[in-house]
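**Student:** File follows, run_20.txt with compact mmCIF, C-alpha atoms and all ligand atoms:
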```txt
# COMPACT_ATOMS: atom_id res chain seq x y z
CA MET A 235 88.81 39.54 -20.08
CA LEU A 236 85.78 38.00 -21.72
CA THR A 237 85.07 35.88 -18.65
CA TRP A 238 85.40 38.89 -16.39
CA SER A 239 83.01 41.03 -18.45
CA SER A 240 80.36 38.21 -18.67
CA ASN A 241 80.55 37.74 -14.88
CA LEU A 242 80.06 41.47 -14.46
CA GLN A 243 77.02 41.42 -16.83
CA ALA A 244 75.47 38.51 -14.99
CA GLN A 245 75.94 40.30 -11.67
CA THR A 246 74.36 43.52 -13.00
CA LEU A 247 71.34 41.60 -14.40
CA SER A 248 70.79 39.71 -11.21
CA THR A 249 70.56 43.03 -9.29
CA THR A 250 68.05 44.75 -11.70
CA ILE A 251 65.70 41.92 -12.87
CA PRO A 252 63.94 39.76 -10.24
CA ASP A 253 64.10 36.06 -10.92
CA SER A 254 61.06 34.20 -12.32
CA ASN A 255 59.90 32.98 -8.86
CA SER A 256 59.63 36.50 -7.39
CA TRP A 257 57.36 37.57 -10.42
CA LEU A 258 55.05 34.76 -9.58
CA ILE A 259 54.70 36.08 -6.04
CA TYR A 260 53.11 39.30 -7.47
CA LEU A 261 51.28 37.65 -10.36
CA ILE A 262 49.15 35.22 -8.32
CA PRO A 263 47.56 37.73 -5.89
CA LEU A 264 47.04 40.23 -8.74
CA SER A 265 45.14 37.61 -10.78
CA LEU A 266 43.04 36.72 -7.75
CA VAL A 267 42.11 40.37 -7.21
CA ALA A 268 41.22 40.75 -10.92
CA LEU A 269 39.01 37.64 -10.79
CA LEU A 270 37.29 38.95 -7.67
CA ILE A 271 36.54 42.29 -9.36
CA LEU A 272 35.16 40.49 -12.42
CA PHE A 273 32.94 38.32 -10.21
CA ILE A 274 31.53 41.35 -8.35
CA LEU A 275 30.89 43.21 -11.62
CA LYS A 276 29.07 40.21 -13.10
CA LYS A 277 26.85 39.91 -10.03
CA THR A 278 25.94 43.58 -9.89
CA HIS A 279 25.77 44.72 -13.54
CA TRP A 280 25.68 41.89 -16.04
CA LYS A 281 22.32 40.18 -16.26
CA HIS A 282 20.82 38.17 -19.06
CA PRO A 283 18.42 40.41 -21.04
CA LYS A 284 15.50 38.01 -20.34
CA THR A 285 15.91 38.52 -16.60
CA LEU A 286 15.79 42.30 -16.69
CA PRO A 287 13.17 43.83 -14.42
CA PRO A 288 9.99 44.52 -16.43
CA GLU A 289 10.41 48.30 -16.46
CA GLN A 290 13.82 47.89 -18.14
CA ALA A 291 12.88 44.93 -20.31
CA LEU A 292 10.13 46.95 -21.93
CA LYS A 293 12.28 49.92 -22.86
CA PRO A 294 12.57 50.26 -26.62
CA VAL A 295 15.83 48.94 -28.05
CA ILE A 296 17.82 51.33 -30.24
CA ALA A 297 17.47 49.88 -33.71
CA ARG A 298 20.37 49.94 -36.14
CA ASP A 299 18.50 49.23 -39.31
CA ASP A 300 17.19 52.32 -41.15
CA ALA A 301 13.64 51.04 -41.51
CA ILE A 302 13.45 50.24 -37.85
CA GLU A 303 15.05 53.53 -36.88
CA ALA A 304 12.24 55.29 -38.72
CA ALA A 305 9.73 53.21 -36.81
CA ALA A 306 11.62 53.57 -33.53
CA GLU A 307 11.23 57.35 -33.72
CA THR A 308 7.53 56.89 -33.24
CA VAL A 309 7.85 54.53 -30.31
CA ALA A 310 5.93 55.57 -27.22
CA GLU A 311 7.90 56.71 -24.19
CA PRO A 312 8.26 53.86 -21.71
CA ARG A 313 6.47 54.02 -18.36
CA VAL A 314 6.66 51.89 -15.31
CA ALA A 315 5.36 48.39 -16.06
CA ALA A 316 3.88 47.99 -12.58
CA ASP A 317 0.85 49.89 -13.94
CA VAL A 318 -0.21 46.73 -15.77
CA SER A 319 -1.17 44.87 -12.63
CA GLU A 320 -3.15 47.94 -11.56
CA ILE A 321 -4.82 48.11 -14.96
CA LEU A 322 -5.73 44.42 -14.91
CA GLY A 323 -5.99 43.97 -11.16
CA ASP A 324 -8.01 40.80 -11.60
CA SER A 325 -7.96 37.53 -9.82
CA GLN A 326 -9.71 34.42 -11.11
CA SER A 327 -12.60 35.02 -8.70
CA SER A 328 -13.12 38.59 -9.85
CA TRP A 329 -13.02 37.43 -13.48
CA LEU A 330 -15.73 34.86 -12.78
CA GLY A 331 -17.79 37.64 -11.20
CA ARG A 332 -17.26 39.86 -14.24
CA LEU A 333 -18.11 37.02 -16.60
CA ARG A 334 -21.30 36.30 -14.68
CA ASP A 335 -22.28 39.97 -14.66
CA GLY A 336 -21.35 40.33 -18.32
CA LEU A 337 -23.48 37.38 -19.33
CA SER A 338 -26.43 38.39 -17.16
CA LYS A 339 -28.68 39.36 -20.09
CA THR A 340 -28.07 36.06 -21.87
CA ARG A 341 -28.41 34.16 -18.62
CA SER A 342 -31.80 35.65 -17.90
CA GLN A 343 -32.80 34.77 -21.47
CA LEU A 344 -31.74 31.17 -20.91
CA SER A 345 -31.78 30.23 -17.24
CA GLY A 346 -34.50 32.75 -16.36
CA SER A 347 -36.96 31.83 -19.08
CA ILE A 348 -36.23 28.12 -19.19
CA GLY A 349 -36.17 27.87 -15.38
CA ALA A 350 -39.58 29.56 -15.22
CA LEU A 351 -40.81 27.19 -17.91
CA PHE A 352 -39.79 24.18 -15.84
CA GLY A 353 -41.36 25.74 -12.77
CA SER A 354 -44.70 26.26 -14.52
CA LYS A 355 -45.03 22.90 -16.31
CA LYS A 356 -46.03 19.66 -14.71
CA VAL A 357 -45.13 17.23 -17.50
CA PHE A 358 -41.96 16.75 -19.48
CA ASN A 359 -43.39 16.49 -22.99
CA ASP A 360 -42.87 17.67 -26.56
CA GLU A 361 -44.71 20.91 -25.91
CA LEU A 362 -42.26 21.79 -23.14
CA LEU A 363 -39.30 20.82 -25.33
CA GLU A 364 -40.60 23.00 -28.13
CA GLU A 365 -40.75 26.02 -25.83
CA LEU A 366 -37.29 25.21 -24.59
CA HIS A 367 -36.04 25.05 -28.18
CA GLU A 368 -37.55 28.48 -28.80
CA ASN A 369 -35.68 29.98 -25.83
CA LEU A 370 -32.37 28.47 -26.88
CA TYR A 371 -32.89 29.74 -30.41
CA ARG A 372 -33.63 33.27 -29.14
CA SER A 373 -30.21 33.37 -27.50
CA ASP A 374 -28.73 33.04 -31.02
CA MET A 375 -27.34 29.56 -30.50
CA GLY A 376 -28.57 28.59 -33.92
CA VAL A 377 -31.02 25.89 -34.96
CA GLU A 378 -28.52 23.04 -35.03
CA THR A 379 -27.31 23.72 -31.49
CA ALA A 380 -30.85 24.13 -30.17
CA ASP A 381 -31.79 20.81 -31.88
CA ARG A 382 -28.79 19.08 -30.38
CA MET A 383 -29.54 20.31 -26.86
CA VAL A 384 -33.21 19.45 -27.04
CA SER A 385 -32.47 15.91 -28.31
CA ALA A 386 -30.00 15.40 -25.47
CA LEU A 387 -32.64 16.46 -22.93
CA ARG A 388 -35.32 14.30 -24.58
CA LYS A 389 -33.04 11.28 -24.45
CA LYS A 390 -32.15 11.85 -20.85
CA PHE A 391 -35.49 12.78 -19.27
CA SER A 392 -38.31 11.37 -21.48
CA GLY A 393 -40.21 8.48 -19.99
CA GLN A 394 -39.42 9.45 -16.40
CA ASP A 395 -42.41 9.57 -14.09
CA ALA A 396 -41.39 12.72 -12.25
CA MET A 397 -40.73 16.07 -13.87
CA PRO A 398 -36.92 16.62 -13.86
CA SER A 399 -35.65 19.37 -11.60
CA TRP A 400 -34.38 22.60 -13.16
CA GLU A 401 -30.98 21.88 -11.63
CA ALA A 402 -30.76 18.50 -13.41
CA VAL A 403 -31.76 20.12 -16.72
CA ALA A 404 -29.30 23.01 -16.27
CA GLN A 405 -26.52 20.49 -15.53
CA SER A 406 -27.37 18.63 -18.70
CA MET A 407 -27.22 21.80 -20.79
CA ARG A 408 -23.88 22.81 -19.25
CA GLU A 409 -22.49 19.41 -20.23
CA GLU A 410 -23.83 19.72 -23.78
CA ILE A 411 -22.19 23.13 -24.23
CA VAL A 412 -18.84 21.92 -22.95
CA GLY A 413 -19.24 18.91 -25.28
CA ILE A 414 -19.72 21.22 -28.29
CA PHE A 415 -16.47 23.11 -27.61
CA GLY A 416 -14.44 20.26 -26.14
CA GLU A 417 -12.56 20.43 -22.85
CA GLU A 418 -9.28 21.73 -24.24
CA PRO A 419 -8.91 24.85 -26.38
CA ALA A 420 -7.24 24.34 -29.76
CA PRO A 421 -3.51 25.03 -29.36
CA LEU A 422 -2.11 28.28 -30.71
CA ASN A 423 0.18 28.21 -33.69
CA ARG A 424 3.32 29.29 -31.82
CA PRO A 425 6.60 30.06 -33.58
CA THR A 426 9.55 27.84 -32.80
CA LYS A 427 11.75 30.92 -32.77
CA GLY A 428 11.17 34.66 -32.93
CA PRO A 429 8.04 36.74 -32.29
CA MET A 430 4.52 35.38 -32.47
CA VAL A 431 2.67 37.60 -34.93
CA ILE A 432 -1.08 38.06 -34.39
CA LEU A 433 -3.06 39.83 -37.09
CA VAL A 434 -6.36 41.27 -35.85
CA VAL A 435 -9.15 41.83 -38.37
CA GLY A 436 -12.85 42.67 -38.38
CA VAL A 437 -15.44 45.20 -39.48
CA ASN A 438 -15.54 48.66 -37.94
CA GLY A 439 -16.42 49.30 -34.34
CA VAL A 440 -16.38 45.66 -33.21
CA GLY A 441 -13.61 46.26 -30.66
CA LYS A 442 -10.37 45.38 -32.50
CA THR A 443 -8.18 48.14 -31.11
CA THR A 444 -9.58 47.89 -27.60
CA SER A 445 -9.13 44.11 -27.64
CA ILE A 446 -5.52 44.53 -28.78
CA GLY A 447 -4.91 46.86 -25.83
CA LYS A 448 -6.53 44.42 -23.42
CA LEU A 449 -4.58 41.49 -24.88
CA ALA A 450 -1.33 43.43 -24.60
CA ALA A 451 -2.09 44.11 -20.93
CA ARG A 452 -2.69 40.42 -20.35
CA TYR A 453 0.50 39.32 -22.15
CA VAL A 454 2.61 41.90 -20.30
CA SER A 455 1.14 40.69 -17.01
CA GLU A 456 2.24 37.17 -17.99
CA GLY A 457 5.81 38.45 -18.38
CA LYS A 458 5.83 38.54 -22.19
CA SER A 459 7.40 41.38 -24.14
CA VAL A 460 4.90 42.92 -26.54
CA LEU A 461 5.01 45.24 -29.54
CA LEU A 462 1.96 46.91 -31.04
CA CYS A 463 1.62 47.84 -34.69
CA ALA A 464 -0.84 50.51 -35.85
CA GLY A 465 -1.87 48.92 -39.14
CA ASP A 466 -5.11 50.95 -39.18
CA THR A 467 -3.84 54.00 -41.01
CA PHE A 468 -7.29 55.02 -42.20
CA ARG A 469 -7.96 57.44 -39.32
CA ALA A 470 -5.41 59.41 -37.28
CA ALA A 471 -7.59 58.70 -34.22
CA ALA A 472 -7.05 54.96 -34.68
CA ILE A 473 -3.27 55.41 -34.49
CA GLU A 474 -3.69 57.66 -31.47
CA GLN A 475 -6.00 55.11 -29.78
CA LEU A 476 -3.34 52.40 -30.04
CA SER A 477 -0.64 54.81 -28.85
CA VAL A 478 -2.66 55.56 -25.73
CA TRP A 479 -2.69 51.82 -24.96
CA GLY A 480 1.05 51.71 -25.63
CA ASP A 481 1.59 54.56 -23.16
CA ARG A 482 -0.65 53.01 -20.53
CA LEU A 483 1.12 49.67 -20.74
CA ASN A 484 4.63 50.89 -21.42
CA VAL A 485 4.61 48.95 -24.66
CA PRO A 486 6.24 50.35 -27.82
CA VAL A 487 4.02 51.09 -30.81
CA ILE A 488 5.17 50.99 -34.43
CA LYS A 489 3.21 53.54 -36.42
CA HIS A 490 3.34 55.62 -39.56
CA GLN A 491 1.38 58.67 -40.66
CA GLN A 492 -2.34 58.54 -41.40
CA GLY A 493 -2.92 57.33 -44.94
CA ALA A 494 0.30 55.27 -45.07
CA ASP A 495 0.22 51.81 -46.64
CA PRO A 496 -0.95 49.38 -43.88
CA ALA A 497 1.25 46.65 -45.37
CA SER A 498 4.39 48.75 -44.96
CA VAL A 499 3.52 49.56 -41.33
CA ALA A 500 2.97 45.85 -40.72
CA PHE A 501 6.31 45.11 -42.39
CA ASP A 502 8.10 47.58 -40.09
CA GLY A 503 6.26 46.03 -37.17
CA VAL A 504 7.54 42.53 -37.97
CA LYS A 505 11.02 43.82 -38.62
CA ALA A 506 11.10 45.70 -35.32
CA ALA A 507 9.61 42.71 -33.46
CA LYS A 508 12.43 40.53 -34.78
CA ALA A 509 15.13 43.08 -34.03
CA ARG A 510 13.85 43.66 -30.49
CA GLU A 511 13.29 39.95 -29.92
CA VAL A 512 9.80 40.53 -28.51
CA ASP A 513 7.53 37.62 -27.71
CA VAL A 514 4.32 38.91 -29.29
CA LEU A 515 3.50 41.38 -32.06
CA LEU A 516 -0.13 42.48 -32.29
CA ILE A 517 -1.11 44.11 -35.60
CA ASP A 518 -4.22 46.29 -35.70
CA THR A 519 -6.04 46.75 -39.00
CA ALA A 520 -8.66 49.14 -40.31
CA GLY A 521 -12.27 48.13 -39.86
CA ARG A 522 -13.84 49.61 -42.94
CA LEU A 523 -16.73 47.79 -44.47
CA HIS A 524 -14.85 46.91 -47.60
CA SER A 525 -16.27 45.34 -50.62
CA LYS A 526 -14.96 41.82 -50.69
CA SER A 527 -12.29 42.45 -53.30
CA GLU A 528 -10.82 45.49 -51.52
CA LEU A 529 -10.72 43.61 -48.25
CA MET A 530 -9.07 40.66 -49.91
CA ASP A 531 -6.47 42.93 -51.54
CA GLU A 532 -5.57 44.79 -48.36
CA LEU A 533 -5.36 41.78 -46.07
CA SER A 534 -3.57 39.61 -48.57
CA LYS A 535 -1.07 42.40 -49.24
CA ILE A 536 -0.38 42.72 -45.50
CA LYS A 537 0.19 38.96 -45.31
CA ARG A 538 2.37 38.89 -48.41
CA VAL A 539 4.55 41.76 -47.26
CA ILE A 540 5.10 40.54 -43.70
CA GLN A 541 5.93 37.08 -45.01
CA LYS A 542 8.91 38.60 -46.82
CA GLU A 543 10.32 39.35 -43.39
CA LEU A 544 8.95 36.32 -41.52
CA PRO A 545 7.70 33.55 -43.83
CA GLU A 546 5.49 31.80 -41.27
CA ALA A 547 3.76 35.03 -40.12
CA PRO A 548 1.06 35.77 -39.21
CA HIS A 549 1.00 32.84 -36.83
CA GLU A 550 -2.52 33.67 -35.79
CA THR A 551 -5.24 35.64 -37.59
CA TRP A 552 -8.09 36.58 -35.27
CA LEU A 553 -11.44 37.94 -36.33
CA VAL A 554 -13.06 40.21 -33.77
CA ILE A 555 -16.85 40.01 -33.73
CA ASP A 556 -19.33 42.07 -31.74
CA SER A 557 -21.85 39.73 -30.12
CA THR A 558 -24.52 42.45 -30.13
CA ASN A 559 -24.51 42.14 -33.93
CA GLY A 560 -26.22 38.76 -33.61
CA GLN A 561 -26.65 37.02 -36.95
CA ASN A 562 -24.63 39.77 -38.63
CA ALA A 563 -21.63 38.58 -36.63
CA VAL A 564 -22.24 35.06 -37.97
CA ALA A 565 -22.26 36.48 -41.49
CA GLN A 566 -18.95 38.27 -40.82
CA VAL A 567 -17.30 35.01 -39.80
CA LYS A 568 -18.35 33.51 -43.12
CA ALA A 569 -17.28 36.58 -45.15
CA PHE A 570 -13.83 36.91 -43.54
CA GLY A 571 -13.32 33.16 -43.36
CA ASP A 572 -13.81 32.96 -47.12
CA LEU A 573 -11.06 35.53 -47.63
CA VAL A 574 -8.43 34.88 -44.97
CA GLN A 575 -7.50 31.81 -43.03
CA LEU A 576 -8.92 32.57 -39.59
CA THR A 577 -7.27 30.77 -36.70
CA GLY A 578 -9.42 32.22 -33.94
CA LEU A 579 -12.24 34.51 -32.90
CA VAL A 580 -12.40 37.23 -30.28
CA VAL A 581 -16.01 37.79 -29.26
CA THR A 582 -16.66 41.19 -27.66
CA LYS A 583 -19.51 43.03 -25.92
CA LEU A 584 -21.17 39.97 -24.41
CA ASP A 585 -22.24 42.34 -21.64
CA GLY A 586 -24.48 44.21 -24.05
CA THR A 587 -26.62 41.40 -25.38
CA ALA A 588 -29.09 38.68 -24.49
CA LYS A 589 -27.80 36.80 -27.50
CA GLY A 590 -24.54 35.58 -25.99
CA GLY A 591 -25.41 32.08 -27.19
CA VAL A 592 -24.06 33.23 -30.54
CA ILE A 593 -20.64 31.90 -29.50
CA VAL A 594 -22.00 28.36 -29.44
CA GLY A 595 -23.80 28.82 -32.75
CA ILE A 596 -20.70 30.15 -34.52
CA HIS A 597 -18.42 27.51 -33.11
CA SER A 598 -20.65 24.60 -34.00
CA LYS A 599 -21.12 25.99 -37.50
CA TYR A 600 -17.55 27.00 -38.43
CA HIS A 601 -15.40 25.14 -35.89
CA ILE A 602 -13.14 28.16 -35.45
CA PRO A 603 -11.68 28.30 -31.93
CA ILE A 604 -12.99 31.10 -29.71
CA ARG A 605 -9.77 32.57 -28.27
CA TYR A 606 -11.00 35.41 -26.05
CA ILE A 607 -14.28 36.88 -24.91
CA GLY A 608 -14.99 40.44 -23.83
CA VAL A 609 -17.56 41.34 -21.21
CA GLY A 610 -16.92 45.06 -20.69
CA GLU A 611 -14.77 48.03 -21.58
CA LYS A 612 -12.03 47.65 -18.94
CA ALA A 613 -8.74 45.89 -19.64
CA ALA A 614 -9.64 43.12 -17.19
CA ASP A 615 -12.90 42.46 -19.06
CA LEU A 616 -11.28 40.39 -21.81
CA LYS A 617 -10.05 36.93 -21.02
CA GLU A 618 -9.35 33.53 -22.55
CA PHE A 619 -12.52 31.68 -23.44
CA LYS A 620 -13.09 28.63 -21.27
CA PRO A 621 -16.20 26.60 -22.21
CA LYS A 622 -16.88 25.40 -18.67
CA GLU A 623 -16.76 28.91 -17.18
CA TYR A 624 -19.05 30.14 -19.94
CA ALA A 625 -21.53 27.26 -19.54
CA ASP A 626 -21.55 27.63 -15.74
CA SER A 627 -22.26 31.36 -16.09
CA LEU A 628 -25.16 30.76 -18.48
CA PHE A 629 -26.98 28.00 -16.66
CA SER A 630 -27.00 28.52 -12.97
N1 LIG B 1 -19.35 47.06 -23.44
C1 LIG B 1 -18.28 46.68 -24.14
N2 LIG B 1 -17.70 47.55 -24.97
C2 LIG B 1 -16.61 47.14 -25.67
C3 LIG B 1 -16.09 45.82 -25.57
N3 LIG B 1 -15.03 45.72 -26.40
C4 LIG B 1 -14.90 46.93 -27.00
N4 LIG B 1 -15.85 47.79 -26.58
C5 LIG B 1 -16.09 49.18 -26.98
O1 LIG B 1 -16.40 49.21 -28.36
C6 LIG B 1 -16.02 50.47 -28.90
C7 LIG B 1 -15.29 50.27 -30.21
O2 LIG B 1 -14.05 49.66 -29.92
P1 LIG B 1 -12.77 49.80 -30.86
O3 LIG B 1 -11.71 48.98 -30.24
O4 LIG B 1 -12.46 51.19 -31.17
O5 LIG B 1 -13.31 49.09 -32.17
P2 LIG B 1 -12.53 48.87 -33.54
O6 LIG B 1 -12.98 47.57 -34.11
O7 LIG B 1 -11.08 49.03 -33.36
O8 LIG B 1 -13.14 50.07 -34.39
P3 LIG B 1 -12.56 50.69 -35.78
O9 LIG B 1 -11.11 50.90 -35.59
O10 LIG B 1 -13.33 51.93 -35.97
O11 LIG B 1 -12.86 49.68 -36.83
C8 LIG B 1 -15.21 51.17 -27.82
O12 LIG B 1 -16.01 52.13 -27.19
C9 LIG B 1 -14.87 50.05 -26.85
O13 LIG B 1 -14.69 50.50 -25.54
C10 LIG B 1 -16.75 44.90 -24.67
O14 LIG B 1 -16.39 43.73 -24.53
N5 LIG B 1 -17.83 45.39 -24.00
MG MG B 2 -9.73 50.28 -34.30
```
Starting from the file, lay out its structure as structure tokens.
Ligand SMILES: Nc1nc2c(ncn2[C@@H]2O[C@H](COP(=O)(O)OP(=O)(O)OP(=O)(O)O)[C@@H](O)[C@H]2O)c(=O)[nH]1
Ligand SMILES: [Mg+2]
**Tutor:**
Amino acid sequence: MLTWSSNLQAQTLSTTIPDSNSWLIYLIPLSLVALLILFILKKTHWKHPKTLPPEQALKPVIARDDAIEAAAETVAEPRVAADVSEILGDSQSSWLGRLRDGLSKTRSQLSGSIGALFGSKKVFNDELLEELHENLYRSDMGVETADRMVSALRKKFSGQDAMPSWEAVAQSMREEIVGIFGEEPAPLNRPTKGPMVILVVGVNGVGKTTSIGKLAARYVSEGKSVLLCAGDTFRAAAIEQLSVWGDRLNVPVIKHQQGADPASVAFDGVKAAKAREVDVLLIDTAGRLHSKSELMDELSKIKRVIQKELPEAPHETWLVIDSTNGQNAVAQVKAFGDLVQLTGLVVTKLDGTAKGGVIVGIHSKYHIPIRYIGVGEKAADLKEFKPKEYADSLFS
């Protein structure tokens, strides 16, 4: 009876459940189809965030943290990043043209006057060198630099029978200038991980905010993700000015209301930069002519507060100076340098002065690297400082 019923059960089972081999027949093609679907999805939808097209990569990330959410509310609406190449639209050759045009006043002060001097004199003597010294000095190169250049020329050309050609003298001065700066620019203090934080300081009207906008354009064009921080809360117009750059470049801007504590805006900026994993954070600051103690307090508070979020920040602190301010700009380097540790200078408005030699004077006096120079109001008019390009544009 028992045997009969177990046989019956076995028969019933064998008719309703397929054996293990027939399951495999369905399982294998099903798995292959699933794998194929996964492969197609990965190819079409899943990309590493770093490889997103620029217009998507620059879209603000939804922040989870409360502080960042508050800041994210004020983020500018993204626009198409292709605008950046239109805004910059510069090639190396057009930059050299701009640089040459921008330095034309200083060049005529140097090459024009000194060239004419060499054309009018018949003998290479102390009198000629004195006049040459005077011309160099008038370009704001400073006494030490003028001394150095004159001694180099004296050493090279004194005692020669023939008067040296202007071309030979110009070549000598180009070499001296490149020698003062060195061939290679000082390396930037880059973070090993996380955003590079650049704090931009300077007195009012020197071109801080405009330079930040121009720098942002340049970094975006190099494929970097950028965040701007409106740390100048003194005037509503200053916040607006940075926001306009943010809109133009499709770059988010962290900002608070006018009158807010600049240190807390900077703190939100660093926090957002970390959360969004941006490459560069540029922090604008107010350009009031502070008394020294107020300036010290505000800048050191900004530094202290952002270091709570990112201990090694700011990686770079750049002082913006207006070259048309001449010796006043030199004094600003000293004043700010005494208060904050400057890691670079941005020298603006070289197009508006015959005293563009001030760059050489400042560098040989304070040995602070010149990071960027500005030769006009357009975004493409600010570029990395290269001593050879500068020297070639001055003496030609
Ligand atoms: N010609 C010329 N103008 C420049 C250059 N850089 C900046 N400017 C102009 O200088 C003016 C002041 O620039 P801002 O960027 O507002 O200066 P700021 O230092 O931020 O000023 P505050 O915020 O008031 O302290 C603007 O009209 C800029 O267009 C330059 O290299 N050449
Ligand atoms: Mg400003």
**Student:** Can you work out which residues are within 9 Å of ligand LIG 1 (chain B), considering all atoms listed in the file, and then hand them over as an MDAnalysis selection string?
**Tutor:** chainID A and resid 336 435:447 466 468:469 471:472 475 518:523 554:557 581:586 607:612 615:616
**Student:** With all atoms listed in the file as the atoms that count, which of A:Ser406, A:Ser477, A:Ser399, A:Ser265 lies nearest to ligand MG 2 (chain B)?
**Tutor:**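 Under the stated criterion, the closest residue is A:Ser477.
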**Student:** May I ask which of the residues A:Glu456, A:Glu378, A:Glu365, A:Asp324 is the closest one to Asp513 in chain A, counting all atoms listed in the file?
**Tutor:**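 When distances to Asp513 in chain A are compared using all atoms listed in the file, the smallest one comes from A:Glu456.
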**Student:** Please list as a ChimeraX atom specification every residue within 9 Å of range 487-503 of chain A, counting only C-alpha atoms and excluding residues in the same chain fewer than 2 positions away.
**Tutor:** /A:301-302,304-310,461-473,476-477,479-481,485,505-508,515-520,532-533,535-543
**Student:** Go through A:Val434, A:Met383, A:Tyr606, A:Phe391 one by one, measure the shortest atom-to-atom distance of each to ligand MG 2 (chain B) using only C-alpha atoms and all ligand atoms, and give the residue with the smallest value.
**Tutor:**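 The closest residue to ligand MG 2 (chain B) is A:Val434.
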**Student:** Between A:Val594, A:Pro419, A:Ser319, A:Glu474, which is the closest to ligand MG 2 (chain B) once you count only C-alpha atoms and all ligand atoms?
**Tutor:** A:Glu474
**Student:** Dump as a list in words all residues having an atom at most 12 Å from (10.4, 31.4, -30.5), computed in the file's coordinates with only C-alpha atoms.
**Tutor:** Asn423, Arg424, Pro425, Thr426, Lys427, Gly428, Pro429, Met430, Val431, Lys458, Ala507, Lys508, Glu511, Val512, Asp513, Val514, Glu546 and His549 of chain A
**Student:** With N, CA and C atoms as the target, complete range 610-626 of chain A and hand it back as a PDB file, in the coordinates of the input.
**Tutor:**
```
ATOM      1  N   GLY A 610     -16.890  43.684 -21.205  1.00  0.00           N
ATOM      2  CA  GLY A 610     -16.920  45.060 -20.690  1.00  0.00           C
ATOM      3  C   GLY A 610     -15.794  45.865 -21.305  1.00  0.00           C
ATOM      4  N   GLU A 611     -15.739  47.139 -20.937  1.00  0.00           N
ATOM      5  CA  GLU A 611     -14.770  48.030 -21.580  1.00  0.00           C
ATOM      6  C   GLU A 611     -13.407  48.067 -20.902  1.00  0.00           C
ATOM      7  N   LYS A 612     -13.312  47.572 -19.660  1.00  0.00           N
ATOM      8  CA  LYS A 612     -12.030  47.650 -18.940  1.00  0.00           C
ATOM      9  C   LYS A 612     -11.065  46.576 -19.434  1.00  0.00           C
ATOM     10  N   ALA A 613      -9.767  46.833 -19.173  1.00  0.00           N
ATOM     11  CA  ALA A 613      -8.740  45.890 -19.640  1.00  0.00           C
ATOM     12  C   ALA A 613      -8.976  44.486 -19.074  1.00  0.00           C
ATOM     13  N   ALA A 614      -9.438  44.427 -17.830  1.00  0.00           N
ATOM     14  CA  ALA A 614      -9.640  43.120 -17.190  1.00  0.00           C
ATOM     15  C   ALA A 614     -10.869  42.394 -17.711  1.00  0.00           C
ATOM     16  N   ASP A 615     -11.643  43.059 -18.590  1.00  0.00           N
ATOM     17  CA  ASP A 615     -12.900  42.460 -19.060  1.00  0.00           C
ATOM     18  C   ASP A 615     -12.737  41.576 -20.294  1.00  0.00           C
ATOM     19  N   LEU A 616     -11.500  41.316 -20.686  1.00  0.00           N
ATOM     20  CA  LEU A 616     -11.280  40.390 -21.810  1.00  0.00           C
ATOM     21  C   LEU A 616     -10.414  39.251 -21.296  1.00  0.00           C
ATOM     22  N   LYS A 617     -10.853  38.043 -21.494  1.00  0.00           N
ATOM     23  CA  LYS A 617     -10.050  36.930 -21.020  1.00  0.00           C
ATOM     24  C   LYS A 617     -10.247  35.716 -21.923  1.00  0.00           C
ATOM     25  N   GLU A 618      -9.304  34.775 -21.781  1.00  0.00           N
ATOM     26  CA  GLU A 618      -9.350  33.530 -22.550  1.00  0.00           C
ATOM     27  C   GLU A 618     -10.724  32.877 -22.407  1.00  0.00           C
ATOM     28  N   PHE A 619     -11.226  32.345 -23.497  1.00  0.00           N
ATOM     29  CA  PHE A 619     -12.520  31.680 -23.440  1.00  0.00           C
ATOM     30  C   PHE A 619     -12.361  30.265 -22.890  1.00  0.00           C
ATOM     31  N   LYS A 620     -13.113  29.985 -21.833  1.00  0.00           N
ATOM     32  CA  LYS A 620     -13.090  28.630 -21.270  1.00  0.00           C
ATOM     33  C   LYS A 620     -14.533  28.118 -21.268  1.00  0.00           C
ATOM     34  N   PRO A 621     -14.814  27.075 -22.060  1.00  0.00           N
ATOM     35  CA  PRO A 621     -16.200  26.600 -22.210  1.00  0.00           C
ATOM     36  C   PRO A 621     -16.900  26.328 -20.886  1.00  0.00           C
ATOM     37  N   LYS A 622     -16.201  25.756 -19.923  1.00  0.00           N
ATOM     38  CA  LYS A 622     -16.880  25.400 -18.670  1.00  0.00           C
ATOM     39  C   LYS A 622     -17.314  26.658 -17.902  1.00  0.00           C
ATOM     40  N   GLU A 623     -16.406  27.645 -17.866  1.00  0.00           N
ATOM     41  CA  GLU A 623     -16.760  28.910 -17.180  1.00  0.00           C
ATOM     42  C   GLU A 623     -17.974  29.550 -17.844  1.00  0.00           C
ATOM     43  N   TYR A 624     -17.955  29.521 -19.168  1.00  0.00           N
ATOM     44  CA  TYR A 624     -19.050  30.140 -19.940  1.00  0.00           C
ATOM     45  C   TYR A 624     -20.362  29.392 -19.665  1.00  0.00           C
ATOM     46  N   ALA A 625     -20.312  28.060 -19.750  1.00  0.00           N
ATOM     47  CA  ALA A 625     -21.530  27.260 -19.540  1.00  0.00           C
ATOM     48  C   ALA A 625     -22.046  27.431 -18.114  1.00  0.00           C
ATOM     49  N   ASP A 626     -21.125  27.456 -17.143  1.00  0.00           N
ATOM     50  CA  ASP A 626     -21.550  27.630 -15.740  1.00  0.00           C
ATOM     51  C   ASP A 626     -22.211  28.987 -15.541  1.00  0.00           C
TER      52      ASP A 626
END
```
